[in-house]
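Notes follow once the structure below has been shown.
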Amino acid sequence: MYPEKSIILMSMLLLVLTLSGCLNTEEAARVDLSNRTIDAGDNSDTESIRIAVSAIISPEETLVYYQDMLDYISEKTGVPVKLVQRKTYQEVNDLIRRNSVDAAFVCSLAYVEGYDQFGMELLVVPVMRGETYYYSYIIVPKDSDVNNLKELKGKTFAFSDPLSNSGKLSPEYILAQMGENSETFFRLTFFTYSHDKSIEAVAERMVDGAAVDSLVWDYKDTTDPKFTSRTRIINKSRPYGIPPVVVSKDIDPELKERLKTILLQMHEDEKGKEILNNIMIDRFSEANDSLYDSIREMKKVVKDVKGYSN
Amino acid sequence: MLKDTVIKINNFIGGGLVRKFVVWIVVIIMLLGALTTIFVQISLTSTLSEELHERGMAISRNLAASSTEPLLIEDTVSLNRLIGNIKKTEKDVEYIFITDAKGKVLVHTFNAGFPGELLTAHTETSSSSRLLDTGDGYVIDFKAPILNGRAGFVHIGLDETSLNEKITQTSRIIMMLTFIVGALGVFMAYIAGDYLTRPIRALVKGAEEIGRGNLGYQIETESTDEIHILSKAFNQMSHNLNNSINELRTSEERYKKLVDGISDAVILIDSQKNILSWNSAAQEIFDYSFEEVVGKSINMLYSPFKGIVTDNMGEILDGEGVFIKKNGMLFPGVVSSRPLQEGADVGRVVVIRDITHQKEMKKLEKQLLQSDRLATIGQLAAGVAHEINNPLANISLYAQMLLKKTEDENAKSKLKTIDDEANRAAHIVQGLLEFARRSELKLNPIDINIEIDKVLSILNHQFNDIKVTTLLEPLPLIYADSGQIRQVIIDILTNSIQAITKNGEIMIRTTANHDHIEISISDNGYGIPRENMDKIFDPFFTTKEPGEGTGLGLSICYGIINRHNGTIDVRSEVGIGTTFTIKLPV
Ligand SMILES: Nc1ncnc2c1ncn2[C@@H]1O[C@H](COP(=O)(O)OP(=O)(O)OP(=O)(O)O)[C@@H](O)[C@H]1O
Ligand SMILES: [Mg+2]
């Protein structure tokens with residue numbers, strides 16, 4: 001019934017159909033995936049100065065705040081500087097102990113621990129608002145009806161790090177003075193492993209209260225009060241020695257001196273000043289280990305606080 | 001333009017309506033199918049690739065967010081677990097790798113070693129995607145910066161193959177659907193076409209019937225649509241056509257009868273003067289059958305010698321002409337012709353009237369008139385002659401008596417003249433009497449040739465140097481008055497002798513025909529002027545000097561031949577000669 005003519009017509013249609021299938025727009029770059037040349041995982045860089053920063057604030061924030069300073073140091077020394085972060089203060093302390101970082105920004109309690117355990121050396125301390133002290137704040141959500149630490153009994157509470165002074169030792173000390181301990185006093189406790197996370201947790205009402213570093217809270221409240229504005233301070237501790245910059249006792253003395261000089265003179269040149277201003281540090285100054293004696297006292301009082309003795 | 005194309009395609013398709021219908025339906029379905037496929041492919045491609053894109057972006061951004069911390073604290077175990085989980089749970093993930101800010105690969109999902117080319121393939125530092133051709137498929141590399149790239153970058157490669165497969169599969173389904181619909185379309189279009197074209201085919205059959213001459217054919221329809229209207233119109237047309245044709249036929253028959261009723265030949269010729277048609281009278285007159293003349297030139301009906309068909313302009317001449325019948329017989333006719341259509345050279349109607357009969361009648365009439373006139377003159381002459389005869393006889397008697405009595409020579413010669421003249425007058429009177437006398441013919445079987453010989457021997461001395469030729473066929477004997485026949489021959493020969501001026505030649509011929517004999521006498525004398533032709537047979541008509549001729553010779557001849565039931569004709573041309581032809585019945 002249908003001779004060749006119709007077949008020609010239909011095959012022309014088919015041609016149109018097939019042609020319509022070949023539509024592609026973006027130009028592809030050729031990549032050969034079979035040529036496996038690189039091994040991943042090895043992150044060591046022996047050439048560079050490695051400076052660890054404890055997670056007083058979250059690693060992300062740390063990177064933001066400290067990168068400029070590390071770049072500055074790199075510029076001054078002429079050696080690349082690598083920022084090294086770890087989740088816990090303990091891990092950073094371990095890095096210092098093994099001498100796998102040259103210097104570190106650590107928490108005051110972590111310094112006290114390190115000093116006692118393996119002779120961690122104080123390099124410099126930042127001077128903030130003219131002081132070398134800081135405090136532990138007990139914060140609650142802004143609209144919370146809790147007005148003192150006592151009223152947090154049976155609630156949930158966030159610590160920052162087991163080796164944190166302001167975020168752990170200080171509240172434990174207050175509780176100890178009250179004849180309580182955190183494990184029984186609170187219904188539930190957490191470690192957030194950084195102060196900004198603790199602030200965030202309170203602001204978001206994930207916990208009923210938290211102990212945070214005054215430096216962090218104040219800094220956040222000044223620069224980005226997004227979370228701090230939703231929290232209220234119900235307790236301010238007595239002053240503690242400010243978290244210092246430390247070095248391993250095995251550090252090359254020459255490097256130690258260079259780093260010290262750079263940090264101490266940082267506020268003297270314009271670029272260094274600006275960097276310090278950004279993170280609210282006036283300058284770095286030399287410090288004495290006695291600055292941390294108050295902490296050592298508290299440690300003695302809080303015998304039964306888990307985590308910092310081991 | 002489009003119309004031309006459609007016509008061309010229709011011609012290309014060929015065949016009947018149903019086939020065209022089917023092919024067009026299929027073409028439309030296929031076209032729609034193709035369009036749908038293209039449309040679906042385009043929209044599917046864009047939708048799916050958009051979706052893939054968004055998914056890739058979302059995964060990479062999420063991974064960037066969740067890997068920030070492990071990356072910063074160099075927790076490669078967590079990172080490996082993270083990317084391992086994503087690769088396991090997310091579809092189409094070809095690979096994942098994370099680099100630090102300097103582009104060093106920290107973790108990746110490749111089994112053994114990392115392909116270095118990947119690091120340089122996608123260098124953008126913001127959140128973006130890049131299409132990669134891995135050689136056996138396309139991969140979209142999604143890149144998300146970690147902490148604006150300060151911490152590093154996440155790369156996720158999503159395989160595009162499954163997307164293309166989806167598209168191809170959908171297209172295939174649509175194509176298959178198109179084919180199924182196309183096949184169904186063919187089937188349904190065939191049924192619908194067959195159904196729809198049934199009345200059209202009925203119309204076609206009707207048209208064919210009418211074309212075959214079956215006028216008045218009626219189509220049966222049961223539908224109520226336009227086709228029905230058309231069919232009704234067709235039936236009406238068929239009916240009207242039948243009536244008209246019948247009327248036309250009746251009318252034509254009537255006209256044919258009319259034309260056939262005419263006794264003249266009516267001939268229809270075209271512009272080339274070829275015969276198209278003629279009436280039955282024409283057939284009768286010319287004795288040709290219609291088949292023998294149709295398409296041939298009308299010239300064949302004209303006598304080849306005397307027929308003048310056309311003038312210089314090629315127009316058929318009206319007036320008298322000579323025509324030829326099938327058997328070769330010639331006949332006189334009058335032609336009148338009219339153009340078939342005024343102002344256009346499409347042919348003419350030529351009417352030819354046979355006037356043989358009329359011609360004969362005219363001749364007869366003339367002869368009757370002549371006879372009457374002669375009879376009257378004859379009677380008059382007889383009366384006058386009778387009255388003159390006696391005085392003439394007395395004059396002669398008395399002149400002879402006086403001649404005997406006188407001795408005077410002068411008187412004697414004068415008396416002699418009187419006597420001679422009286423005798424001459426008596427002789428004329430005698431001739432008159434002879435002309436007038438309707439005496440009984442003394443008919444005897446005679447041989448005209450012998451009479452001619454006798455006359456020639458009598459006239460012998462008068463011929464002088466005139467050359468006389470005779471061509472005498474053997475003749476049957478005829479009943480005639482020999483004396484009077486001789487008189488006729490003598491009279492005619494005498495006239496010839498008198499008409500001859502020099503180098504005289506006279507030719508005498510006799511021929512025998514099946515019912516008559518013919519005597520013709522020709523001379524090369526001065527001939528007879530046209531205006532005298534009608535008068536030469538009249539008594540006393542003469543062109544000769546008084547005393548030379550009386551003008552009775554030919555009128556007496558006419559009388560004699562007439563009484564023998566014969567005819568006498570003359571043909572003459574001035575300066576060339578004259579021929580008298582006498583026909584006598586056998
Ligand atoms: N053969 C001829 N050639 C020329 N003219 C002729 C001839 N025959 C007759 N004619 C003319 O016809 C006329 C009549 O002739 P017609 O014989 O009746 O009388 P005619 O010869 O004149 O006299 P007639 O015969 O009585 O002596 C003549 O006068 C002559 O003119
Ligand atoms: Mg004569």
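Ligands are numbered from 1 in the order shown, chains are lettered A, B, ... in the order of the structure tokens, and residues start at 1 in each chain.
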Just want the residues within 12 Å of ligand 2, written as a ChimeraX atom specification, counting only C-alpha atoms and all ligand atoms.
/B:487-499,536-545,547-557
When the cut-off is 6 Å and we count only C-alpha atoms, which residues of chain B are near chain A, given as a VMD selection string?
chain B and resid 34 38 69 72 to 73 105 to 106 113 to 116 131 to 134
Just-selected residues, N, CA and C atoms written as a CSV table (one decimal), in the first residue's frame:
```csv
chain,number,residue,atom,x,y,z
B,34,ALA,N,8.2,14.6,16.1
B,34,ALA,CA,9.5,15.2,16.1
B,34,ALA,C,9.6,16.5,16.9
B,38,ILE,N,11.9,17.0,20.2
B,38,ILE,CA,12.8,18.1,20.3
B,38,ILE,C,12.5,18.9,21.5
B,69,GLU,N,35.7,22.4,59.5
B,69,GLU,CA,36.3,22.1,60.7
B,69,GLU,C,37.3,21.0,60.6
B,72,LEU,N,40.3,22.2,58.9
B,72,LEU,CA,41.2,23.1,59.6
B,72,LEU,C,42.0,22.4,60.7
B,73,ILE,N,41.3,21.4,61.4
B,73,ILE,CA,42.0,20.7,62.4
B,73,ILE,C,42.7,19.5,61.9
B,105,VAL,N,46.1,18.3,47.3
B,105,VAL,CA,45.0,17.4,47.6
B,105,VAL,C,45.1,16.8,49.0
B,106,LEU,N,44.1,17.0,49.8
B,106,LEU,CA,44.1,16.4,51.1
B,106,LEU,C,43.4,15.1,51.2
B,113,GLY,N,45.7,6.6,43.9
B,113,GLY,CA,46.4,7.8,43.3
B,113,GLY,C,45.4,8.7,42.8
B,114,PHE,N,45.8,10.0,42.7
B,114,PHE,CA,44.9,11.0,42.2
B,114,PHE,C,45.3,11.5,40.9
B,115,PRO,N,44.4,11.6,39.9
B,115,PRO,CA,44.7,12.1,38.6
B,115,PRO,C,45.1,13.6,38.6
B,116,GLY,N,46.3,13.9,38.4
B,116,GLY,CA,46.8,15.2,38.5
B,116,GLY,C,46.1,16.2,37.6
B,131,LEU,N,32.3,21.5,32.9
B,131,LEU,CA,32.0,20.2,32.3
B,131,LEU,C,33.3,19.6,31.8
B,132,LEU,N,33.5,18.4,32.2
B,132,LEU,CA,34.8,17.7,31.9
B,132,LEU,C,34.5,16.5,31.0
B,133,ASP,N,35.4,16.3,30.0
B,133,ASP,CA,35.3,15.1,29.1
B,133,ASP,C,36.3,14.1,29.5
B,134,THR,N,35.9,13.0,30.2
B,134,THR,CA,36.9,12.1,30.7
B,134,THR,C,37.3,11.1,29.7
```
Output as number ranges by chain all residues of range 347-530 of chain B that backbone DSSP marks as strand (DSSP E or B).
B: 347-354, 444-446, 467-472, 478-480, 505-512, 516-523
Serialized selection, N, CA, C and O atoms, as a CSV table (one decimal), in the first residue's frame:
```
chain,number,residue,atom,x,y,z
B,347,GLY,N,-14.4,29.6,-41.2
B,347,GLY,CA,-15.0,28.8,-42.2
B,347,GLY,C,-16.1,29.5,-42.9
B,347,GLY,O,-16.5,30.6,-42.5
B,348,ARG,N,-16.7,28.7,-43.8
B,348,ARG,CA,-17.8,29.3,-44.6
B,348,ARG,C,-18.9,28.3,-44.9
B,348,ARG,O,-18.6,27.1,-44.8
B,349,VAL,N,-20.1,28.8,-45.1
B,349,VAL,CA,-21.2,27.9,-45.6
B,349,VAL,C,-21.3,28.2,-47.1
B,349,VAL,O,-21.4,29.4,-47.5
B,350,VAL,N,-21.1,27.2,-47.9
B,350,VAL,CA,-21.1,27.4,-49.4
B,350,VAL,C,-22.4,26.7,-49.9
B,350,VAL,O,-22.6,25.5,-49.7
B,351,VAL,N,-23.2,27.5,-50.7
B,351,VAL,CA,-24.4,26.9,-51.3
B,351,VAL,C,-24.2,26.9,-52.8
B,351,VAL,O,-23.8,27.9,-53.4
B,352,ILE,N,-24.3,25.6,-53.3
B,352,ILE,CA,-24.1,25.5,-54.8
B,352,ILE,C,-25.5,25.0,-55.4
B,352,ILE,O,-26.0,24.0,-54.9
B,353,ARG,N,-26.0,25.8,-56.3
B,353,ARG,CA,-27.2,25.4,-57.0
B,353,ARG,C,-26.9,24.9,-58.4
B,353,ARG,O,-26.3,25.6,-59.2
B,354,ASP,N,-27.4,23.7,-58.7
B,354,ASP,CA,-27.3,23.1,-60.0
B,354,ASP,C,-28.2,23.9,-61.0
B,354,ASP,O,-29.4,23.9,-60.8
B,444,ASN,N,-36.0,10.1,-96.5
B,444,ASN,CA,-35.4,8.9,-97.0
B,444,ASN,C,-34.2,8.6,-96.3
B,444,ASN,O,-33.5,9.5,-95.7
B,445,PRO,N,-33.8,7.3,-96.1
B,445,PRO,CA,-32.6,7.0,-95.4
B,445,PRO,C,-31.4,7.5,-96.3
B,445,PRO,O,-31.3,7.1,-97.4
B,446,ILE,N,-30.7,8.4,-95.7
B,446,ILE,CA,-29.5,8.9,-96.5
B,446,ILE,C,-28.3,8.9,-95.7
B,446,ILE,O,-28.3,8.9,-94.5
B,467,LYS,N,-8.6,26.0,-99.4
B,467,LYS,CA,-8.3,24.6,-99.1
B,467,LYS,C,-9.4,24.0,-98.3
B,467,LYS,O,-9.8,24.5,-97.2
B,468,VAL,N,-10.0,23.0,-98.9
B,468,VAL,CA,-11.1,22.3,-98.2
B,468,VAL,C,-10.7,20.9,-97.7
B,468,VAL,O,-10.2,20.1,-98.4
B,469,THR,N,-10.8,20.7,-96.4
B,469,THR,CA,-10.5,19.4,-95.8
B,469,THR,C,-11.7,18.8,-95.3
B,469,THR,O,-12.6,19.4,-94.7
B,470,THR,N,-11.8,17.5,-95.5
B,470,THR,CA,-13.0,16.7,-95.0
B,470,THR,C,-12.5,15.6,-94.1
B,470,THR,O,-11.4,15.0,-94.3
B,471,LEU,N,-13.2,15.5,-93.0
B,471,LEU,CA,-12.9,14.4,-92.0
B,471,LEU,C,-14.2,13.7,-91.7
B,471,LEU,O,-14.9,14.0,-90.8
B,472,LEU,N,-14.5,12.7,-92.6
B,472,LEU,CA,-15.8,12.1,-92.5
B,472,LEU,C,-15.8,10.8,-91.9
B,472,LEU,O,-15.2,9.8,-92.4
B,478,ILE,N,-29.5,8.0,-91.9
B,478,ILE,CA,-30.6,8.7,-91.1
B,478,ILE,C,-31.7,9.0,-92.1
B,478,ILE,O,-31.5,9.2,-93.3
B,479,TYR,N,-32.9,9.1,-91.5
B,479,TYR,CA,-34.1,9.6,-92.3
B,479,TYR,C,-34.0,11.0,-92.4
B,479,TYR,O,-34.1,11.7,-91.4
B,480,ALA,N,-33.9,11.6,-93.6
B,480,ALA,CA,-33.9,13.0,-93.8
B,480,ALA,C,-34.2,13.3,-95.3
B,480,ALA,O,-34.2,12.4,-96.1
B,505,GLU,N,-9.3,28.4,-95.5
B,505,GLU,CA,-9.3,26.9,-95.1
B,505,GLU,C,-10.7,26.6,-94.6
B,505,GLU,O,-11.2,27.3,-93.8
B,506,ILE,N,-11.3,25.5,-95.2
B,506,ILE,CA,-12.6,25.1,-94.7
B,506,ILE,C,-12.4,23.6,-94.3
B,506,ILE,O,-11.8,22.9,-94.9
B,507,MET,N,-13.0,23.3,-93.1
B,507,MET,CA,-12.9,22.0,-92.6
B,507,MET,C,-14.3,21.4,-92.3
B,507,MET,O,-15.1,22.1,-91.6
B,508,ILE,N,-14.5,20.3,-93.0
B,508,ILE,CA,-15.9,19.7,-92.8
B,508,ILE,C,-15.7,18.3,-92.1
B,508,ILE,O,-14.9,17.5,-92.5
B,509,ARG,N,-16.4,18.2,-90.9
B,509,ARG,CA,-16.2,16.9,-90.1
B,509,ARG,C,-17.6,16.4,-89.8
B,509,ARG,O,-18.6,17.1,-89.6
B,510,THR,N,-17.6,15.0,-89.9
B,510,THR,CA,-18.8,14.4,-89.4
B,510,THR,C,-18.4,13.4,-88.4
B,510,THR,O,-17.4,12.8,-88.4
B,511,THR,N,-19.3,13.3,-87.3
B,511,THR,CA,-19.0,12.3,-86.3
B,511,THR,C,-20.4,11.6,-85.9
B,511,THR,O,-21.4,12.2,-86.0
B,512,ALA,N,-20.2,10.4,-85.6
B,512,ALA,CA,-21.4,9.6,-85.2
B,512,ALA,C,-21.4,9.4,-83.7
B,512,ALA,O,-20.5,9.0,-83.1
B,516,HIS,N,-27.2,10.5,-82.1
B,516,HIS,CA,-27.2,11.5,-83.2
B,516,HIS,C,-25.9,11.6,-84.0
B,516,HIS,O,-24.9,11.0,-83.5
B,517,ILE,N,-26.1,12.2,-85.1
B,517,ILE,CA,-24.8,12.5,-85.9
B,517,ILE,C,-24.5,14.0,-85.9
B,517,ILE,O,-25.5,14.8,-85.6
B,518,GLU,N,-23.3,14.3,-86.1
B,518,GLU,CA,-22.9,15.7,-86.0
B,518,GLU,C,-22.2,16.1,-87.2
B,518,GLU,O,-21.3,15.4,-87.7
B,519,ILE,N,-22.5,17.3,-87.7
B,519,ILE,CA,-21.8,17.8,-88.9
B,519,ILE,C,-21.3,19.1,-88.4
B,519,ILE,O,-22.0,20.0,-88.0
B,520,SER,N,-19.9,19.3,-88.6
B,520,SER,CA,-19.4,20.6,-88.2
B,520,SER,C,-18.6,21.2,-89.4
B,520,SER,O,-17.9,20.5,-90.0
B,521,ILE,N,-18.9,22.5,-89.6
B,521,ILE,CA,-18.2,23.2,-90.7
B,521,ILE,C,-17.5,24.4,-90.2
B,521,ILE,O,-18.1,25.3,-89.6
B,522,SER,N,-16.1,24.4,-90.3
B,522,SER,CA,-15.3,25.5,-89.8
B,522,SER,C,-14.7,26.2,-90.9
B,522,SER,O,-14.2,25.6,-91.9
B,523,ASP,N,-14.5,27.5,-90.7
B,523,ASP,CA,-13.7,28.3,-91.6
B,523,ASP,C,-12.8,29.2,-90.8
B,523,ASP,O,-13.0,29.4,-89.6
```
Who sits within 9 Å of range 186-203 of chain A, only C-alpha atoms, same chain under 4 positions skipped, as an MDAnalysis selection string:
chainID A and resid 54:59 61 87:89 139:142 152:162 164 167 181:182 207:213 216:217 220 226:231
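Every residue of range 271-369 of chain B with a DSSP assignment of alpha helix (DSSP H), taken from the backbone, is listed as Ser280, Ala281, Ala282, Gln283, Glu284, Ile285, Phe286, Phe290, Glu291, Glu292, Val293, Thr356, His357, Gln358, Lys359, Glu360, Met361, Lys362, Lys363, Leu364, Glu365, Lys366, Gln367, Leu368 and Leu369 of chain B.
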Interatomic distance between CA of Ile582 in chain B and CA of His514 in chain B?
15.2 Å
Mind checking which residues fall within 10 Å of Gly295 in chain B, counting only C-alpha atoms, ignoring those fewer than 6 positions away in the same chain, and posting them as a ChimeraX atom specification?
/B:269-270,272-277
Write the selection just made, keeping all heavy atoms, as a PDB file, in the first residue's frame?
```pdb
ATOM      1  N   ILE B 269     -17.370  24.518 -44.876  1.00  0.00           N
ATOM      2  CA  ILE B 269     -15.910  24.352 -44.996  1.00  0.00           C
ATOM      3  C   ILE B 269     -15.225  25.135 -43.881  1.00  0.00           C
ATOM      4  O   ILE B 269     -15.785  26.087 -43.340  1.00  0.00           O
ATOM      5  CB  ILE B 269     -15.382  24.846 -46.371  1.00  0.00           C
ATOM      6  CG1 ILE B 269     -15.777  26.305 -46.589  1.00  0.00           C
ATOM      7  CG2 ILE B 269     -15.896  23.977 -47.481  1.00  0.00           C
ATOM      8  CD1 ILE B 269     -15.106  26.946 -47.775  1.00  0.00           C
ATOM      9  N   ASP B 270     -14.001  24.686 -43.582  1.00  0.00           N
ATOM     10  CA  ASP B 270     -13.228  25.426 -42.567  1.00  0.00           C
ATOM     11  C   ASP B 270     -12.406  26.506 -43.250  1.00  0.00           C
ATOM     12  O   ASP B 270     -12.532  26.734 -44.452  1.00  0.00           O
ATOM     13  CB  ASP B 270     -12.351  24.474 -41.745  1.00  0.00           C
ATOM     14  CG  ASP B 270     -11.314  23.753 -42.588  1.00  0.00           C
ATOM     15  OD1 ASP B 270     -11.079  24.167 -43.743  1.00  0.00           O
ATOM     16  OD2 ASP B 270     -10.759  22.751 -42.103  1.00  0.00           O
ATOM     17  N   GLN B 272      -9.461  26.523 -44.072  1.00  0.00           N
ATOM     18  CA  GLN B 272      -8.546  26.002 -45.101  1.00  0.00           C
ATOM     19  C   GLN B 272      -9.317  25.495 -46.320  1.00  0.00           C
ATOM     20  O   GLN B 272      -8.747  24.857 -47.190  1.00  0.00           O
ATOM     21  CB  GLN B 272      -7.712  24.855 -44.539  1.00  0.00           C
ATOM     22  CG  GLN B 272      -6.986  25.168 -43.247  1.00  0.00           C
ATOM     23  CD  GLN B 272      -6.080  26.363 -43.392  1.00  0.00           C
ATOM     24  OE1 GLN B 272      -5.273  26.430 -44.313  1.00  0.00           O
ATOM     25  NE2 GLN B 272      -6.243  27.346 -42.509  1.00  0.00           N
ATOM     26  N   LYS B 273     -10.625  25.746 -46.340  1.00  0.00           N
ATOM     27  CA  LYS B 273     -11.529  25.326 -47.426  1.00  0.00           C
ATOM     28  C   LYS B 273     -11.682  23.814 -47.490  1.00  0.00           C
ATOM     29  O   LYS B 273     -12.015  23.250 -48.526  1.00  0.00           O
ATOM     30  CB  LYS B 273     -11.038  25.862 -48.781  1.00  0.00           C
ATOM     31  CG  LYS B 273     -11.059  27.366 -48.775  1.00  0.00           C
ATOM     32  CD  LYS B 273     -10.816  27.933 -50.138  1.00  0.00           C
ATOM     33  CE  LYS B 273     -10.835  29.435 -50.031  1.00  0.00           C
ATOM     34  NZ  LYS B 273      -9.812  29.943 -49.095  1.00  0.00           N
ATOM     35  N   ASN B 274     -11.436  23.170 -46.388  1.00  0.00           N
ATOM     36  CA  ASN B 274     -11.681  21.731 -46.336  1.00  0.00           C
ATOM     37  C   ASN B 274     -13.122  21.484 -45.887  1.00  0.00           C
ATOM     38  O   ASN B 274     -13.651  22.216 -45.052  1.00  0.00           O
ATOM     39  CB  ASN B 274     -10.718  21.062 -45.359  1.00  0.00           C
ATOM     40  CG  ASN B 274      -9.288  21.109 -45.861  1.00  0.00           C
ATOM     41  OD1 ASN B 274      -9.060  21.073 -47.080  1.00  0.00           O
ATOM     42  ND2 ASN B 274      -8.352  21.235 -44.946  1.00  0.00           N
ATOM     43  N   ILE B 275     -13.698  20.452 -46.478  1.00  0.00           N
ATOM     44  CA  ILE B 275     -15.120  20.198 -46.230  1.00  0.00           C
ATOM     45  C   ILE B 275     -15.313  19.616 -44.838  1.00  0.00           C
ATOM     46  O   ILE B 275     -14.639  18.661 -44.443  1.00  0.00           O
ATOM     47  CB  ILE B 275     -15.669  19.233 -47.300  1.00  0.00           C
ATOM     48  CG1 ILE B 275     -15.591  19.902 -48.660  1.00  0.00           C
ATOM     49  CG2 ILE B 275     -17.108  18.831 -46.976  1.00  0.00           C
ATOM     50  CD1 ILE B 275     -15.834  19.008 -49.836  1.00  0.00           C
ATOM     51  N   LEU B 276     -16.176  20.239 -44.073  1.00  0.00           N
ATOM     52  CA  LEU B 276     -16.489  19.735 -42.730  1.00  0.00           C
ATOM     53  C   LEU B 276     -17.775  18.915 -42.749  1.00  0.00           C
ATOM     54  O   LEU B 276     -17.882  17.888 -42.086  1.00  0.00           O
ATOM     55  CB  LEU B 276     -16.667  20.902 -41.757  1.00  0.00           C
ATOM     56  CG  LEU B 276     -15.435  21.770 -41.514  1.00  0.00           C
ATOM     57  CD1 LEU B 276     -15.810  22.969 -40.670  1.00  0.00           C
ATOM     58  CD2 LEU B 276     -14.357  20.964 -40.815  1.00  0.00           C
ATOM     59  N   SER B 277     -18.724  19.409 -43.488  1.00  0.00           N
ATOM     60  CA  SER B 277     -20.023  18.747 -43.474  1.00  0.00           C
ATOM     61  C   SER B 277     -20.806  19.189 -44.717  1.00  0.00           C
ATOM     62  O   SER B 277     -20.486  20.228 -45.303  1.00  0.00           O
ATOM     63  CB  SER B 277     -20.764  19.154 -42.197  1.00  0.00           C
ATOM     64  OG  SER B 277     -22.079  18.691 -42.246  1.00  0.00           O
TER      65      SER B 277
END
```
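Rounded to one decimal, CA of Val27 in chain B and CA of Gln169 in chain B lie 23.4 Å from each other.
Nearest to ligand 1 of all the residues B:Phe142, B:Leu241, B:Gly525, B:Val574 is B:Gly525, based on only C-alpha atoms and all ligand atoms.
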Pick out the residues sitting within 12 Å of Glu421 in chain B, and hand them over as a PyMOL selection string; count only C-alpha atoms, and ignore anything fewer than 3 positions along from it in its own chain.
chain B and resi 392-393+395-396+399+414-418+424-428+547
